[in-house]
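Colleague: You'll find model-v9.txt just under this line, and it carries compact mmCIF, C-alpha atoms (C1' of nucleotides).
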```
# COMPACT_ATOMS: atom_id res chain seq x y z
CA MET Q 1 -13.40 -9.49 -11.00
CA ALA Q 2 -10.38 -8.34 -9.04
CA THR Q 3 -8.78 -11.69 -9.70
CA ASN Q 4 -5.28 -11.25 -8.43
CA LYS Q 5 -2.87 -10.52 -11.25
CA LYS Q 6 0.08 -9.77 -9.03
CA GLU Q 7 1.77 -13.06 -9.78
CA GLU Q 8 2.07 -12.12 -13.41
CA PHE Q 9 4.75 -9.57 -12.65
CA SER Q 10 8.43 -10.28 -12.09
CA GLN Q 11 9.64 -11.38 -8.70
CA LYS Q 12 11.64 -8.20 -8.26
CA GLU Q 13 8.61 -6.11 -9.02
CA GLN Q 14 6.55 -8.10 -6.55
CA ASP Q 15 9.23 -7.84 -3.88
CA LEU Q 16 9.58 -4.11 -4.28
CA ALA Q 17 5.83 -3.68 -4.18
CA ALA Q 18 5.56 -5.81 -1.06
CA PHE Q 19 8.22 -3.75 0.65
CA ALA Q 20 6.45 -0.54 -0.30
CA LYS Q 21 3.16 -1.96 0.84
CA ALA Q 22 4.57 -2.69 4.27
CA MET Q 23 5.43 0.99 4.59
CA ALA Q 24 2.19 2.19 3.05
CA HIS Q 25 0.57 3.24 6.30
CA PRO Q 26 1.53 6.13 8.57
CA ALA Q 27 1.19 3.92 11.63
CA ARG Q 28 3.80 1.54 10.29
CA ILE Q 29 6.09 4.41 9.34
CA ALA Q 30 5.71 5.69 12.88
CA ILE Q 31 6.52 2.28 14.30
CA LEU Q 32 9.63 2.01 12.17
CA LYS Q 33 10.67 5.48 13.24
CA VAL Q 34 10.41 4.53 16.90
CA LEU Q 35 12.35 1.33 16.38
CA ALA Q 36 15.01 3.19 14.42
CA GLN Q 37 15.44 5.78 17.14
CA ARG Q 38 15.51 3.48 20.11
CA ASN Q 39 17.41 0.66 18.48
CA GLU Q 40 16.84 -1.50 21.49
CA CYS Q 41 13.73 -3.53 21.07
CA ILE Q 42 10.47 -2.09 22.22
CA CYS Q 43 7.05 -3.61 22.73
CA GLY Q 44 3.99 -2.03 24.26
CA GLU Q 45 5.68 1.33 24.50
CA ILE Q 46 4.74 1.61 20.85
CA VAL Q 47 1.10 1.28 21.77
CA GLU Q 48 1.44 4.27 24.09
CA LEU Q 49 3.03 6.35 21.37
CA LEU Q 50 0.44 5.64 18.71
CA PRO Q 51 -3.18 6.78 18.61
CA LEU Q 52 -4.38 3.24 18.05
CA ALA Q 53 -5.72 0.37 20.10
CA GLN Q 54 -3.38 -2.36 21.28
CA SER Q 55 -4.83 -4.95 18.96
CA THR Q 56 -4.41 -2.68 15.96
CA VAL Q 57 -0.79 -1.95 16.76
CA SER Q 58 -0.19 -5.65 17.19
CA GLN Q 59 -1.60 -6.22 13.73
CA HIS Q 60 0.66 -3.59 12.20
CA LEU Q 61 3.66 -5.13 13.93
CA LYS Q 62 2.72 -8.49 12.52
CA GLU Q 63 2.58 -7.09 9.02
CA LEU Q 64 5.96 -5.45 9.36
CA LYS Q 65 7.34 -8.72 10.66
CA ASN Q 66 5.80 -10.75 7.85
CA ALA Q 67 7.30 -8.35 5.33
CA GLY Q 68 10.68 -8.89 6.97
CA LEU Q 69 11.17 -5.25 7.92
CA ILE Q 70 11.39 -5.96 11.63
CA SER Q 71 12.13 -8.95 13.79
CA GLY Q 72 10.63 -9.79 17.13
CA THR Q 73 11.49 -12.03 20.02
CA ILE Q 74 9.56 -12.98 23.11
CA ASP Q 75 11.04 -11.64 26.32
CA GLY Q 76 9.17 -12.98 29.28
CA PRO Q 77 5.63 -11.68 29.25
CA ARG Q 78 6.44 -9.01 26.68
CA SER Q 79 7.80 -9.04 23.16
CA CYS Q 80 10.60 -7.08 21.77
CA TYR Q 81 10.99 -5.73 18.26
CA CYS Q 82 13.70 -4.13 16.24
CA ILE Q 83 14.41 -3.09 12.69
CA ASN Q 84 15.91 -5.53 10.27
CA TRP Q 85 18.48 -3.24 8.73
CA LYS Q 86 19.55 -5.84 6.22
CA ALA Q 87 16.12 -5.83 4.60
CA PHE Q 88 16.21 -2.06 4.33
CA GLU Q 89 19.60 -2.13 2.72
CA LYS Q 90 18.45 -4.67 0.20
CA PHE Q 91 15.37 -2.77 -0.82
CA MET Q 92 16.96 0.63 -0.77
CA SER Q 93 19.56 -0.60 -3.20
CA GLU Q 94 16.86 -2.05 -5.42
CA PHE Q 95 15.08 1.27 -5.42
CA SER Q 96 18.27 3.03 -6.31
CA PHE Q 97 18.99 0.53 -9.03
CA LEU Q 98 15.56 1.05 -10.53
CA PHE Q 99 15.39 4.80 -10.32
CA ASN Q 100 18.58 6.57 -9.35
CA LYS Q 101 20.84 4.81 -11.79
CA LEU Q 102 18.54 5.32 -14.71
CA LYS Q 103 17.94 8.88 -13.70
CA THR Q 104 21.53 9.97 -14.21
CA GLN Q 105 21.52 8.39 -17.65
CA ASN Q 106 18.86 10.64 -19.09
CA GLU Q 107 17.67 13.36 -16.86
CA LYS Q 108 15.69 15.55 -19.18
CA ALA Q 109 12.01 15.18 -18.54
CA CYS Q 110 9.55 15.48 -21.36
CA CYS Q 111 6.31 16.54 -19.73
CA MET P 1 -15.07 0.67 12.68
CA ALA P 2 -12.13 1.32 10.38
CA THR P 3 -12.64 5.01 10.98
CA ASN P 4 -9.68 6.56 9.31
CA LYS P 5 -6.98 7.39 11.82
CA LYS P 6 -4.40 8.35 9.26
CA GLU P 7 -4.81 12.07 9.92
CA GLU P 8 -3.63 11.58 13.46
CA PHE P 9 -0.09 10.97 12.34
CA SER P 10 2.45 13.62 11.37
CA GLN P 11 2.44 15.09 7.90
CA LYS P 12 5.83 13.57 7.14
CA GLU P 13 4.62 10.17 8.16
CA GLN P 14 1.55 10.55 6.02
CA ASP P 15 3.57 11.74 3.04
CA LEU P 16 6.02 8.89 3.27
CA ALA P 17 3.19 6.41 3.60
CA ALA P 18 1.39 7.91 0.60
CA PHE P 19 4.54 7.64 -1.47
CA ALA P 20 5.02 4.03 -0.44
CA LYS P 21 1.40 3.30 -1.13
CA ALA P 22 1.73 4.57 -4.67
CA MET P 23 4.47 2.02 -5.21
CA ALA P 24 2.69 -0.75 -3.37
CA HIS P 25 1.58 -2.64 -6.44
CA PRO P 26 3.75 -4.56 -8.92
CA ALA P 27 1.86 -3.03 -11.84
CA ARG P 28 2.80 0.45 -10.71
CA ILE P 29 6.40 -0.58 -10.13
CA ALA P 30 6.41 -1.98 -13.66
CA ILE P 31 4.98 1.25 -15.04
CA LEU P 32 7.60 3.33 -13.26
CA LYS P 33 10.30 1.02 -14.56
CA VAL P 34 9.13 1.51 -18.13
CA LEU P 35 8.95 5.27 -17.72
CA ALA P 36 12.40 5.33 -16.13
CA GLN P 37 13.91 3.35 -18.98
CA ARG P 38 12.33 5.20 -21.86
CA ASN P 39 12.48 8.64 -20.33
CA GLU P 40 10.44 10.03 -23.15
CA CYS P 41 6.81 9.93 -22.34
CA ILE P 42 4.83 6.86 -23.17
CA CYS P 43 1.12 6.17 -23.22
CA GLY P 44 -0.67 3.08 -24.48
CA GLU P 45 2.57 1.26 -25.02
CA ILE P 46 2.40 0.61 -21.32
CA VAL P 47 -0.87 -1.21 -21.81
CA GLU P 48 0.84 -3.56 -24.25
CA LEU P 49 3.64 -4.28 -21.83
CA LEU P 50 1.43 -5.09 -18.86
CA PRO P 51 -0.87 -8.08 -18.42
CA LEU P 52 -3.78 -5.82 -17.58
CA ALA P 53 -6.74 -4.28 -19.35
CA GLN P 54 -6.52 -0.74 -20.65
CA SER P 55 -8.91 0.62 -18.07
CA THR P 56 -6.94 -0.92 -15.24
CA VAL P 57 -3.66 0.52 -16.48
CA SER P 58 -5.33 3.89 -16.81
CA GLN P 59 -6.42 3.64 -13.20
CA HIS P 60 -2.90 2.83 -12.03
CA LEU P 61 -1.53 5.75 -14.03
CA LYS P 62 -4.04 8.02 -12.38
CA GLU P 63 -2.94 6.88 -8.95
CA LEU P 64 0.71 7.46 -9.74
CA LYS P 65 -0.17 10.88 -11.06
CA ASN P 66 -2.26 11.77 -8.01
CA ALA P 67 0.62 10.74 -5.80
CA GLY P 68 2.89 13.03 -7.78
CA LEU P 69 5.25 10.30 -8.93
CA ILE P 70 4.60 10.89 -12.59
CA SER P 71 3.25 13.70 -14.72
CA GLY P 72 1.17 13.43 -17.83
CA THR P 73 0.28 15.66 -20.71
CA ILE P 74 -2.21 15.25 -23.51
CA ASP P 75 -0.62 14.86 -26.92
CA GLY P 76 -3.30 14.80 -29.56
CA PRO P 77 -5.45 11.75 -29.17
CA ARG P 78 -2.96 10.09 -26.85
CA SER P 79 -1.44 11.00 -23.50
CA CYS P 80 2.13 11.01 -22.54
CA TYR P 81 3.63 10.24 -19.14
CA CYS P 82 6.98 10.53 -17.53
CA ILE P 83 8.57 10.20 -14.13
CA ASN P 84 8.68 13.14 -11.80
CA TRP P 85 12.26 12.76 -10.65
CA LYS P 86 11.96 15.59 -8.16
CA ALA P 87 9.34 13.68 -6.18
CA PHE P 88 11.59 10.65 -6.06
CA GLU P 89 14.50 12.68 -4.85
CA LYS P 90 12.41 14.22 -2.13
CA PHE P 91 11.09 10.94 -0.85
CA MET P 92 14.31 9.03 -1.20
CA SER P 93 16.02 11.60 0.95
CA GLU P 94 13.26 11.33 3.53
CA PHE P 95 13.67 7.60 3.61
CA SER P 96 17.38 7.99 4.07
CA PHE P 97 16.85 10.56 6.77
CA LEU P 98 14.54 8.25 8.63
CA PHE P 99 16.48 5.06 8.30
CA ASN P 100 19.99 5.37 6.91
CA LYS P 101 21.08 8.20 9.14
CA LEU P 102 19.85 6.58 12.28
CA LYS P 103 21.27 3.28 11.22
CA THR P 104 24.88 4.42 11.30
CA GLN P 105 24.33 5.86 14.77
CA ASN P 106 23.59 2.57 16.42
CA GLU P 107 23.93 -0.42 14.23
CA LYS P 108 23.80 -3.27 16.69
CA ALA P 109 20.51 -5.05 16.51
CA CYS P 110 19.02 -6.58 19.60
CA CYS P 111 16.77 -9.35 18.35
C1' DA U 1 -3.54 -21.80 42.62
C1' DT U 2 -4.81 -17.21 41.54
C1' DC U 3 -4.14 -12.61 39.99
C1' DT U 4 -1.92 -9.28 37.17
C1' DT U 5 0.37 -7.72 33.14
C1' DA U 6 1.62 -7.93 28.27
C1' DT U 7 0.68 -9.41 23.85
C1' DA U 8 -1.48 -12.09 20.22
C1' DT U 9 -5.51 -13.68 17.92
C1' DC U 10 -10.50 -13.91 16.61
C1' DG U 11 -14.62 -12.05 14.76
C1' DC U 12 -16.74 -8.55 12.76
C1' DA U 13 -17.90 -3.94 10.44
C1' DA U 14 -16.52 -0.49 7.48
C1' DA U 15 -13.45 1.42 4.14
C1' DT U 16 -10.24 0.87 0.11
C1' DA U 17 -8.17 -1.24 -3.64
C1' DT U 18 -8.15 -4.11 -7.78
C1' DA U 19 -9.88 -5.47 -12.08
C1' DC U 20 -12.80 -5.56 -15.98
C1' DG U 21 -16.23 -4.44 -19.60
C1' DA U 22 -18.94 -0.79 -21.31
C1' DT U 23 -19.29 3.83 -22.23
C1' DT U 24 -17.72 8.45 -22.97
C1' DA U 25 -14.75 12.03 -24.78
C1' DA U 26 -11.48 14.03 -27.74
C1' DG U 27 -8.40 14.38 -31.65
C1' DC U 28 -7.39 13.14 -36.33
C1' DA U 29 -8.38 11.56 -40.96
C1' DT U 30 -11.51 10.88 -44.71
C1' DA W 1 -20.43 14.80 -40.82
C1' DT W 2 -18.60 10.06 -40.12
C1' DG W 3 -15.53 6.92 -38.69
C1' DC W 4 -11.18 5.52 -36.33
C1' DT W 5 -7.96 5.55 -32.64
C1' DT W 6 -6.58 6.50 -27.98
C1' DA W 7 -7.38 7.19 -23.39
C1' DA W 8 -10.37 8.41 -19.35
C1' DT W 9 -14.32 7.43 -16.63
C1' DC W 10 -18.38 4.79 -14.86
C1' DG W 11 -20.47 0.91 -12.82
C1' DT W 12 -19.88 -3.19 -10.58
C1' DA W 13 -17.97 -7.46 -8.40
C1' DT W 14 -14.63 -9.10 -5.52
C1' DA W 15 -10.59 -8.92 -2.52
C1' DT W 16 -7.91 -6.74 0.85
C1' DT W 17 -7.03 -3.50 4.62
C1' DT W 18 -8.06 -1.08 8.74
C1' DG W 19 -9.73 -0.83 13.25
C1' DC W 20 -11.81 -2.24 17.48
C1' DG W 21 -13.60 -5.01 21.34
C1' DA W 22 -13.52 -9.41 23.21
C1' DT W 23 -11.11 -13.35 24.10
C1' DA W 24 -7.09 -16.30 24.54
C1' DT W 25 -2.34 -17.14 25.93
C1' DA W 26 1.64 -16.96 28.62
C1' DA W 27 4.88 -15.29 31.99
C1' DG W 28 5.63 -13.33 36.47
C1' DA W 29 3.99 -12.05 41.09
C1' DT W 30 1.30 -12.97 45.31
```
What would the structure in this file look like if it were written as structure tokens?

Modeller:
Amino acid sequence: MATNKKEEFSQKEQDLAAFAKAMAHPARIAILKVLAQRNECICGEIVELLPLAQSTVSQHLKELKNAGLISGTIDGPRSCYCINWKAFEKFMSEFSFLFNKLKTQNEKACC
Amino acid sequence: MATNKKEEFSQKEQDLAAFAKAMAHPARIAILKVLAQRNECICGEIVELLPLAQSTVSQHLKELKNAGLISGTIDGPRSCYCINWKAFEKFMSEFSFLFNKLKTQNEKACC
DNA sequence: ATCTTATATCGCAAATATACGATTAAGCAT
DNA sequence: ATGCTTAATCGTATATTTGCGATATAAGAT
């Protein structure tokens, strides 16, 4: 079983889910927080700030990059990351569209 | 390995991640969308709308409920769900706090 | 050329998530 | 009581995620 049914949902639903999934781990939230605060790209400083091994942090960074939430460039022997604000804007507005807009239409909850 | 390190992050980080995780599947996004549109609580209608078996939908509903994103009440032989708007408000504002606020401070990206 | 530093990738073990069919439970009608 | 409908739970197979150590890669320093 567990045959992937994800493709059977709409692209928007898949995109939103993928975005959420990228944030679905405290380590990745923490990484995003650091990048948001420092703005300027950071690399192995992140490793020092997190309670995880270097290889694990690298993996989380890769996932965030694949999801388009951050971008990274190589800077000599180190690599430098920063938040992709555009992606956040896009997904935040989709969230709002899905939930905020509809919310104001009919607020009264039933259960 | 894979010894859970999630507890080593701050409560806010864990909460945000848990919220994101609840939304990290297109089926759950689709469920939330339905509940947002209809407002009034729905039950097995959701099963008809999704390309998934009843037991699978039930599992997704349980996860959303555990995460606090929806609430459900028993209504005779069927059960009735609706969105917990308060939870959304709380988490949306945390997202904004983390990312939007900081964004306006220093917009210029570096990579 | 060799060493050091910084980061990515590989391989593996353990934990979680996804999905379904089968079963259970609970309310309603007959 | 019996059957019908609706939804939750159990058991199980498979897929994905998480995490680490070890190894590879690549740039800069000696």

Colleague: Would you list which chain P residues are within 9 Å of chain W using only C-alpha atoms (C1' of nucleotides), as a PyMOL selection string?

Modeller: chain P and resi 1-5+43-44+54-55+58-59+77-79

Colleague: Keeping only C-alpha atoms, write the selected residues to a file as an mmCIF file, in the frame of the given file.

Modeller:
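Saved file part04.cif follows:
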```
data_model
loop_
_atom_site.group_PDB
_atom_site.id
_atom_site.type_symbol
_atom_site.label_atom_id
_atom_site.label_comp_id
_atom_site.auth_asym_id
_atom_site.auth_seq_id
_atom_site.Cartn_x
_atom_site.Cartn_y
_atom_site.Cartn_z
ATOM 1 C CA MET P 1 -15.070 0.670 12.680
ATOM 2 C CA ALA P 2 -12.130 1.320 10.380
ATOM 3 C CA THR P 3 -12.640 5.010 10.980
ATOM 4 C CA ASN P 4 -9.680 6.560 9.310
ATOM 5 C CA LYS P 5 -6.980 7.390 11.820
ATOM 6 C CA CYS P 43 1.120 6.170 -23.220
ATOM 7 C CA GLY P 44 -0.670 3.080 -24.480
ATOM 8 C CA GLN P 54 -6.520 -0.740 -20.650
ATOM 9 C CA SER P 55 -8.910 0.620 -18.070
ATOM 10 C CA SER P 58 -5.330 3.890 -16.810
ATOM 11 C CA GLN P 59 -6.420 3.640 -13.200
ATOM 12 C CA PRO P 77 -5.450 11.750 -29.170
ATOM 13 C CA ARG P 78 -2.960 10.090 -26.850
ATOM 14 C CA SER P 79 -1.440 11.000 -23.500
#
```

Colleague: Distance table requested - chain P against chain Q, cut-off 8 Å, only C-alpha atoms: one row per qualifying residue with the closest atom pair and its distance in Å to one decimal, ordered by chain and rising residue number, as a Markdown table.

Modeller:
```
| residue | atom | partner | partner_atom | distance |
| --- | --- | --- | --- | --- |
| P:Lys5 | CA | Q:Pro51 | CA | 7.8 |
| P:Lys6 | CA | Q:Pro26 | CA | 6.4 |
| P:Glu8 | CA | Q:Pro51 | CA | 7.1 |
| P:Phe9 | CA | Q:Pro26 | CA | 6.3 |
| P:Glu13 | CA | Q:Pro26 | CA | 5.1 |
| P:Gln14 | CA | Q:Pro26 | CA | 5.1 |
| P:Leu16 | CA | Q:Pro26 | CA | 7.5 |
| P:Ala17 | CA | Q:Ala24 | CA | 4.4 |
| P:Ala18 | CA | Q:Ala24 | CA | 6.3 |
| P:Phe19 | CA | Q:Ala24 | CA | 7.5 |
| P:Ala20 | CA | Q:Ala20 | CA | 4.8 |
| P:Lys21 | CA | Q:Ala24 | CA | 4.4 |
| P:Met23 | CA | Q:Ala20 | CA | 5.9 |
| P:Ala24 | CA | Q:Ala17 | CA | 4.4 |
| P:His25 | CA | Q:Ala17 | CA | 4.9 |
| P:Pro26 | CA | Q:Gln14 | CA | 5.1 |
| P:Ala27 | CA | Q:Phe9 | CA | 7.2 |
| P:Ile29 | CA | Q:Glu13 | CA | 6.1 |
| P:Ala30 | CA | Q:Glu13 | CA | 6.6 |
| P:Lys33 | CA | Q:Leu98 | CA | 6.6 |
| P:Ala36 | CA | Q:Leu102 | CA | 6.3 |
| P:Gln37 | CA | Q:Leu102 | CA | 6.6 |
| P:Asn39 | CA | Q:Ala109 | CA | 6.8 |
| P:Glu40 | CA | Q:Cys110 | CA | 5.8 |
| P:Cys41 | CA | Q:Cys110 | CA | 6.3 |
| P:Pro51 | CA | Q:Glu8 | CA | 7.1 |
| P:Leu52 | CA | Q:Lys5 | CA | 7.9 |
| P:Ser71 | CA | Q:Cys111 | CA | 6.5 |
| P:Gly72 | CA | Q:Cys111 | CA | 6.3 |
| P:Thr73 | CA | Q:Cys111 | CA | 6.2 |
| P:Cys80 | CA | Q:Cys111 | CA | 7.5 |
| P:Tyr81 | CA | Q:Cys111 | CA | 6.9 |
| P:Cys82 | CA | Q:Cys111 | CA | 6.4 |
| P:Ile83 | CA | Q:Ala109 | CA | 7.5 |
| P:Asn84 | CA | Q:Ala109 | CA | 7.8 |
| P:Trp85 | CA | Q:Lys103 | CA | 7.5 |
| P:Leu98 | CA | Q:Lys33 | CA | 6.6 |
| P:Phe99 | CA | Q:Ala36 | CA | 6.6 |
| P:Leu102 | CA | Q:Ala36 | CA | 6.3 |
| P:Lys103 | CA | Q:Ala36 | CA | 7.0 |
| P:Asn106 | CA | Q:Asn39 | CA | 6.8 |
| P:Glu107 | CA | Q:Asn39 | CA | 7.9 |
| P:Lys108 | CA | Q:Asn39 | CA | 7.7 |
| P:Ala109 | CA | Q:Asn39 | CA | 6.8 |
| P:Cys110 | CA | Q:Glu40 | CA | 5.8 |
| P:Cys111 | CA | Q:Thr73 | CA | 6.2 |
```

Colleague: Quick one: pull the distance between atom CA of Asp75 of chain Q and atom CA of Glu48 of chain Q, Å, one decimal.

Modeller: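 Distance reported for this atom pair: 18.7 Å.
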
Colleague: One decimal, Å: what's the distance from atom C1' of DT7 of chain U over to atom CA of Val57 of chain Q, could you say?

Modeller: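 According to the coordinates, atom C1' of DT7 of chain U and atom CA of Val57 of chain Q are separated by 10.4 Å.
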
Colleague: Using only C-alpha atoms (C1' of nucleotides), determine which residues of chain U fall within 9 Å of chain Q; present them as an NGL selection string.

Modeller: :U and (5-9 or 18-20)

Colleague: Can you give chain Q as a JSON list (two decimals) with C-alpha atoms, keeping the file's coordinate frame after you superpose it on chain P, pairing all C-alpha atoms in order for the least-squares fit?

Modeller:
```
[["chain", "number", "residue", "atom", "x", "y", "z"],
["Q", 1, "MET", "CA", -15.04, 0.56, 12.80],
["Q", 2, "ALA", "CA", -12.15, 1.25, 10.47],
["Q", 3, "THR", "CA", -12.66, 4.94, 11.06],
["Q", 4, "ASN", "CA", -9.70, 6.52, 9.38],
["Q", 5, "LYS", "CA", -7.00, 7.38, 11.88],
["Q", 6, "LYS", "CA", -4.42, 8.35, 9.31],
["Q", 7, "GLU", "CA", -4.82, 12.05, 9.99],
["Q", 8, "GLU", "CA", -3.62, 11.57, 13.52],
["Q", 9, "PHE", "CA", -0.08, 10.96, 12.37],
["Q", 10, "SER", "CA", 2.46, 13.61, 11.42],
["Q", 11, "GLN", "CA", 2.43, 15.08, 7.95],
["Q", 12, "LYS", "CA", 5.82, 13.58, 7.17],
["Q", 13, "GLU", "CA", 4.61, 10.17, 8.20],
["Q", 14, "GLN", "CA", 1.52, 10.56, 6.05],
["Q", 15, "ASP", "CA", 3.55, 11.77, 3.08],
["Q", 16, "LEU", "CA", 5.99, 8.91, 3.31],
["Q", 17, "ALA", "CA", 3.16, 6.43, 3.62],
["Q", 18, "ALA", "CA", 1.38, 7.92, 0.63],
["Q", 19, "PHE", "CA", 4.52, 7.67, -1.45],
["Q", 20, "ALA", "CA", 5.00, 4.06, -0.42],
["Q", 21, "LYS", "CA", 1.38, 3.32, -1.12],
["Q", 22, "ALA", "CA", 1.73, 4.60, -4.66],
["Q", 23, "MET", "CA", 4.47, 2.05, -5.21],
["Q", 24, "ALA", "CA", 2.69, -0.72, -3.36],
["Q", 25, "HIS", "CA", 1.58, -2.62, -6.44],
["Q", 26, "PRO", "CA", 3.74, -4.53, -8.91],
["Q", 27, "ALA", "CA", 1.86, -3.01, -11.82],
["Q", 28, "ARG", "CA", 2.80, 0.47, -10.71],
["Q", 29, "ILE", "CA", 6.40, -0.56, -10.13],
["Q", 30, "ALA", "CA", 6.41, -1.95, -13.65],
["Q", 31, "ILE", "CA", 4.98, 1.26, -15.02],
["Q", 32, "LEU", "CA", 7.61, 3.32, -13.26],
["Q", 33, "LYS", "CA", 10.30, 1.02, -14.56],
["Q", 34, "VAL", "CA", 9.13, 1.52, -18.13],
["Q", 35, "LEU", "CA", 8.96, 5.28, -17.72],
["Q", 36, "ALA", "CA", 12.41, 5.32, -16.15],
["Q", 37, "GLN", "CA", 13.92, 3.33, -18.99],
["Q", 38, "ARG", "CA", 12.33, 5.16, -21.86],
["Q", 39, "ASN", "CA", 12.47, 8.62, -20.36],
["Q", 40, "GLU", "CA", 10.44, 9.97, -23.20],
["Q", 41, "CYS", "CA", 6.80, 9.90, -22.36],
["Q", 42, "ILE", "CA", 4.82, 6.82, -23.18],
["Q", 43, "CYS", "CA", 1.11, 6.12, -23.24],
["Q", 44, "GLY", "CA", -0.67, 3.03, -24.47],
["Q", 45, "GLU", "CA", 2.58, 1.22, -25.02],
["Q", 46, "ILE", "CA", 2.39, 0.58, -21.30],
["Q", 47, "VAL", "CA", -0.87, -1.24, -21.78],
["Q", 48, "GLU", "CA", 0.84, -3.59, -24.24],
["Q", 49, "LEU", "CA", 3.62, -4.31, -21.79],
["Q", 50, "LEU", "CA", 1.41, -5.10, -18.83],
["Q", 51, "PRO", "CA", -0.89, -8.08, -18.36],
["Q", 52, "LEU", "CA", -3.81, -5.83, -17.54],
["Q", 53, "ALA", "CA", -6.76, -4.30, -19.31],
["Q", 54, "GLN", "CA", -6.53, -0.76, -20.65],
["Q", 55, "SER", "CA", -8.91, 0.63, -18.09],
["Q", 56, "THR", "CA", -6.94, -0.90, -15.24],
["Q", 57, "VAL", "CA", -3.66, 0.52, -16.48],
["Q", 58, "SER", "CA", -5.32, 3.89, -16.84],
["Q", 59, "GLN", "CA", -6.40, 3.69, -13.22],
["Q", 60, "HIS", "CA", -2.89, 2.85, -12.06],
["Q", 61, "LEU", "CA", -1.51, 5.76, -14.06],
["Q", 62, "LYS", "CA", -4.02, 8.04, -12.43],
["Q", 63, "GLU", "CA", -2.94, 6.93, -8.99],
["Q", 64, "LEU", "CA", 0.71, 7.48, -9.77],
["Q", 65, "LYS", "CA", -0.16, 10.91, -11.10],
["Q", 66, "ASN", "CA", -2.24, 11.81, -8.06],
["Q", 67, "ALA", "CA", 0.63, 10.77, -5.82],
["Q", 68, "GLY", "CA", 2.89, 13.07, -7.81],
["Q", 69, "LEU", "CA", 5.24, 10.32, -8.95],
["Q", 70, "ILE", "CA", 4.60, 10.90, -12.63],
["Q", 71, "SER", "CA", 3.26, 13.71, -14.75],
["Q", 72, "GLY", "CA", 1.18, 13.43, -17.86],
["Q", 73, "THR", "CA", 0.28, 15.66, -20.75],
["Q", 74, "ILE", "CA", -2.19, 15.25, -23.56],
["Q", 75, "ASP", "CA", -0.59, 14.87, -26.97],
["Q", 76, "GLY", "CA", -3.22, 14.81, -29.64],
["Q", 77, "PRO", "CA", -5.37, 11.74, -29.25],
["Q", 78, "ARG", "CA", -2.90, 10.08, -26.89],
["Q", 79, "SER", "CA", -1.40, 11.00, -23.55],
["Q", 80, "CYS", "CA", 2.15, 11.02, -22.56],
["Q", 81, "TYR", "CA", 3.64, 10.25, -19.17],
["Q", 82, "CYS", "CA", 6.99, 10.54, -17.54],
["Q", 83, "ILE", "CA", 8.56, 10.21, -14.13],
["Q", 84, "ASN", "CA", 8.69, 13.15, -11.81],
["Q", 85, "TRP", "CA", 12.26, 12.78, -10.66],
["Q", 86, "LYS", "CA", 11.95, 15.61, -8.20],
["Q", 87, "ALA", "CA", 9.34, 13.72, -6.20],
["Q", 88, "PHE", "CA", 11.58, 10.67, -6.08],
["Q", 89, "GLU", "CA", 14.49, 12.71, -4.86],
["Q", 90, "LYS", "CA", 12.40, 14.23, -2.14],
["Q", 91, "PHE", "CA", 11.08, 10.96, -0.84],
["Q", 92, "MET", "CA", 14.30, 9.06, -1.20],
["Q", 93, "SER", "CA", 16.00, 11.63, 0.96],
["Q", 94, "GLU", "CA", 13.23, 11.37, 3.53],
["Q", 95, "PHE", "CA", 13.66, 7.63, 3.61],
["Q", 96, "SER", "CA", 17.36, 8.02, 4.07],
["Q", 97, "PHE", "CA", 16.85, 10.58, 6.78],
["Q", 98, "LEU", "CA", 14.51, 8.26, 8.64],
["Q", 99, "PHE", "CA", 16.47, 5.07, 8.31],
["Q", 100, "ASN", "CA", 19.97, 5.38, 6.92],
["Q", 101, "LYS", "CA", 21.10, 8.20, 9.15],
["Q", 102, "LEU", "CA", 19.84, 6.58, 12.29],
["Q", 103, "LYS", "CA", 21.25, 3.27, 11.23],
["Q", 104, "THR", "CA", 24.86, 4.42, 11.28],
["Q", 105, "GLN", "CA", 24.35, 5.84, 14.76],
["Q", 106, "ASN", "CA", 23.62, 2.53, 16.41],
["Q", 107, "GLU", "CA", 23.93, -0.46, 14.23],
["Q", 108, "LYS", "CA", 23.82, -3.30, 16.68],
["Q", 109, "ALA", "CA", 20.53, -5.11, 16.48],
["Q", 110, "CYS", "CA", 19.02, -6.65, 19.55],
["Q", 111, "CYS", "CA", 16.79, -9.41, 18.26]]
```

Colleague: What gap, in Å, lies between atom CA of Asn66 of chain P and atom CA of Ala53 of chain P?

Modeller: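 Distance between the two atoms: 20.2 Å.
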